[in-house]
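**Q** Take a look at this one; I'll ask things after.
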Amino acid sequence: MSDGPVAAVPDAVAPVAVVLVAMDDEAAPFLSLASDVGEPERVGLAEQRTITLAGRPVVLVRTGIGFVNTTAAGTGAILRYGTGVPLISAGSAGGLAKDVAVGDVVLGARLVNADADARAFGYVLGQVPGMPEAYDAAPVLADAVRRAATTVDGQVLREGSIGSGEKFVTTDLAQQLRADFPDVLAVDMESAALAQLCHNFGADFVSVRAVSDLCAPDGTEFRTHVDDAAHRSAEVVTAAIGLLGG
C-alpha cells in the first residue's frame with residue numbers, strides 16, 4: 001500500500017469514478033449512454049475524456065490492451081484525479097467457468113493474476129511476490145454493482161473471481177486455467193493489473209466484465225459478441241455509477 005493518499009491536481013475535474021476500458025469497441029457504449037461527452041485528451045497511449053453518466057461526471061479512459069497499457073493509464077488517472085476517486089474496469093471477458101454463458105455480466109469480487117507463478121519461492125499460484133494472493137473489490141463498489149444489475153432488464157449477474165493474463169485464452173489454455181484456478185469465472189487482459197495498482201495506491205477498485213466468448217479455438221466468437229458484451233457491461237456500470245454515494 002502507498003504511504004498516503006494521492007491528492008488530485010487543483011485544476012482537475014472531480015469525477016465520481018474513472019472507468020477504464022481497453023478498446024474503442026468497449027468505450028463506444030459508454031459514449032452512447034452519456035448525456036454529455038467531452039473532447040478526448042491523450043495521456044501517453046491512453047485516451048481520457050470527461051463524460052456524464054447517470055447525471056454524474058465520470059472520466060472514461062481507453063487504455064489499450066494488456067497489463068502495461070492499462071497500468072500506465074490507471075496510474076495517469078490516479079495521479080491526476082487522486083486516490084479518492086474509484087477505478088472501474090469495464091468491457092468484455094472470456095467465460096472460463098463451465099456454467100458461464102455469453103452475455104453474463106461478471107462482478108469481479110476477487111481478482112487474480114493468472115500469469116504469476118512464483119511457487120518455487122513459496123508463493124501460491126497467481127500471487128506476485130510481495131503482493132496479496134488476490135485482490136478484493138471495494139465493498140461499496142461491489143454493492144453498487146449488485147444493486148445496479150437488478151435494474152437492467154434480463155441481465156444475469158455472476159459474482160466471483162476474474163483472472164487476468166496477457167494471453168488471449170483459447171481452448172487449450174482454458175483447460176489449464178480451469179485446473180489451476182477452479183474458482184475463476186472469467187478471464188481478461190487488464191483487471192488484475194488494475195487491482196494491484198489500486199492496492200498499491202490505496203484506491204477503491206471493481207471489475208465489471210461481460211462475457212463475449214467461451215474461450216473458443218479462435219477469436220471468431222469474441223469478434224461476434226464483443227459489441228454486445230461491451231454494451232451489457234456499460235449498462236450495469238452506468239447504473240452503478242448512478243448509485244454511488246446514494
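Letters A, B, ... go to the chains of the C-alpha cells in the order shown; residues in each chain start at 1; ligands are counted from 1 in the same order.
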Run DSSP on the backbone and give me the residues of segment 50-116 of chain A it puts in alpha helix (DSSP H), as a PyMOL selection string.
**A** chain A and resi 67-81
**Q** Mind dumping the selected residues with N, CA, C and O atoms as a tab-separated table (two decimals), in the first residue's frame?
**A**
chain	number	residue	atom	x	y	z
A	67	PHE	N	-1.47	-5.60	-19.58
A	67	PHE	CA	-1.09	-5.15	-18.25
A	67	PHE	C	-0.38	-3.78	-18.27
A	67	PHE	O	-0.71	-2.90	-17.49
A	68	VAL	N	0.61	-3.64	-19.10
A	68	VAL	CA	1.40	-2.40	-19.07
A	68	VAL	C	0.56	-1.21	-19.51
A	68	VAL	O	0.57	-0.15	-18.88
A	69	ASN	N	-0.18	-1.36	-20.60
A	69	ASN	CA	-1.01	-0.25	-21.08
A	69	ASN	C	-2.05	0.17	-20.05
A	69	ASN	O	-2.25	1.36	-19.80
A	70	THR	N	-2.72	-0.80	-19.46
A	70	THR	CA	-3.77	-0.45	-18.50
A	70	THR	C	-3.19	0.12	-17.21
A	70	THR	O	-3.76	1.02	-16.60
A	71	THR	N	-2.03	-0.40	-16.77
A	71	THR	CA	-1.40	0.14	-15.56
A	71	THR	C	-0.91	1.56	-15.79
A	71	THR	O	-1.06	2.44	-14.92
A	72	ALA	N	-0.34	1.83	-16.96
A	72	ALA	CA	0.10	3.18	-17.27
A	72	ALA	C	-1.09	4.14	-17.29
A	72	ALA	O	-1.02	5.24	-16.72
A	73	ALA	N	-2.17	3.72	-17.92
A	73	ALA	CA	-3.36	4.58	-18.00
A	73	ALA	C	-3.98	4.78	-16.62
A	73	ALA	O	-4.41	5.89	-16.27
A	74	GLY	N	-4.03	3.71	-15.83
A	74	GLY	CA	-4.58	3.83	-14.48
A	74	GLY	C	-3.74	4.72	-13.59
A	74	GLY	O	-4.27	5.51	-12.79
A	75	THR	N	-2.42	4.61	-13.71
A	75	THR	CA	-1.54	5.47	-12.93
A	75	THR	C	-1.75	6.93	-13.30
A	75	THR	O	-1.82	7.81	-12.42
A	76	GLY	N	-1.86	7.20	-14.59
A	76	GLY	CA	-2.11	8.57	-15.02
A	76	GLY	C	-3.40	9.12	-14.44
A	76	GLY	O	-3.46	10.28	-14.02
A	77	ALA	N	-4.43	8.28	-14.38
A	77	ALA	CA	-5.71	8.73	-13.83
A	77	ALA	C	-5.60	8.98	-12.33
A	77	ALA	O	-6.12	9.98	-11.81
A	78	ILE	N	-4.93	8.07	-11.62
A	78	ILE	CA	-4.79	8.25	-10.17
A	78	ILE	C	-4.00	9.51	-9.85
A	78	ILE	O	-4.37	10.29	-8.96
A	79	LEU	N	-2.92	9.75	-10.57
A	79	LEU	CA	-2.10	10.93	-10.30
A	79	LEU	C	-2.85	12.21	-10.64
A	79	LEU	O	-2.62	13.26	-10.03
A	80	ARG	N	-3.75	12.15	-11.59
A	80	ARG	CA	-4.49	13.35	-11.97
A	80	ARG	C	-5.71	13.59	-11.08
A	80	ARG	O	-5.97	14.73	-10.69
A	81	TYR	N	-6.45	12.52	-10.75
A	81	TYR	CA	-7.72	12.69	-10.06
A	81	TYR	C	-7.68	12.30	-8.58
A	81	TYR	O	-8.62	12.57	-7.85
**Q** Which of segment 61-197 of chain A counts as strand (DSSP E or B) under DSSP, as a PyMOL selection string please?
**A** chain A and resi 61-62+87-95+105-113+135-136+157-164+184-188
**Q** Can I get the selected residues back with C-alpha atoms, as a tab-separated table (two decimals), in the first residue's frame?
**A**
chain	number	residue	atom	x	y	z
A	61	VAL	CA	-10.21	6.09	-20.21
A	62	ARG	CA	-9.40	3.95	-23.22
A	87	LEU	CA	-11.42	2.96	-10.65
A	88	ILE	CA	-13.79	0.63	-12.53
A	89	SER	CA	-12.57	-1.86	-15.12
A	90	ALA	CA	-15.26	-2.46	-17.75
A	91	GLY	CA	-15.70	-4.21	-21.07
A	92	SER	CA	-15.52	-7.80	-22.27
A	93	ALA	CA	-14.11	-11.04	-20.89
A	94	GLY	CA	-13.81	-14.68	-21.81
A	95	GLY	CA	-16.08	-17.02	-19.89
A	105	VAL	CA	-22.03	-9.87	-16.60
A	106	VAL	CA	-19.35	-10.87	-14.11
A	107	LEU	CA	-18.72	-8.84	-10.97
A	108	GLY	CA	-15.09	-9.47	-10.09
A	109	ALA	CA	-15.32	-9.81	-6.33
A	110	ARG	CA	-11.72	-11.10	-6.41
A	111	LEU	CA	-9.01	-10.52	-8.99
A	112	VAL	CA	-6.07	-12.83	-9.57
A	113	ASN	CA	-3.03	-12.61	-11.83
A	135	TYR	CA	-7.32	-8.56	-4.66
A	136	ASP	CA	-10.82	-7.96	-3.31
A	157	LEU	CA	-25.04	-11.05	-12.92
A	158	ARG	CA	-22.44	-13.58	-11.82
A	159	GLU	CA	-20.17	-12.83	-8.88
A	160	GLY	CA	-16.80	-14.42	-8.28
A	161	SER	CA	-13.17	-14.30	-9.35
A	162	ILE	CA	-11.78	-12.81	-12.54
A	163	GLY	CA	-8.34	-13.91	-13.71
A	164	SER	CA	-6.11	-11.77	-15.89
A	184	VAL	CA	-12.28	-18.16	-11.73
A	185	LEU	CA	-15.45	-17.32	-13.66
A	186	ALA	CA	-13.96	-15.22	-16.46
A	187	VAL	CA	-10.64	-14.02	-17.84
A	188	ASP	CA	-9.42	-10.74	-19.30
**Q** Near segment 212-221 of chain A, counting only C-alpha atoms, which residues have an atom at most 10 Å away, once you skip same-chain residues fewer than 4 positions from it, shown as a VMD selection string?
**A** chain A and resid 91 to 98 100 to 105 168 to 175 186 to 187 225 to 230 232
**Q** Which of these, A:Gly82, A:Gly44, A:Gly202, A:Pro139, has the shortest distance to Gly64 of chain A once you count only C-alpha atoms?
**A** A:Gly44
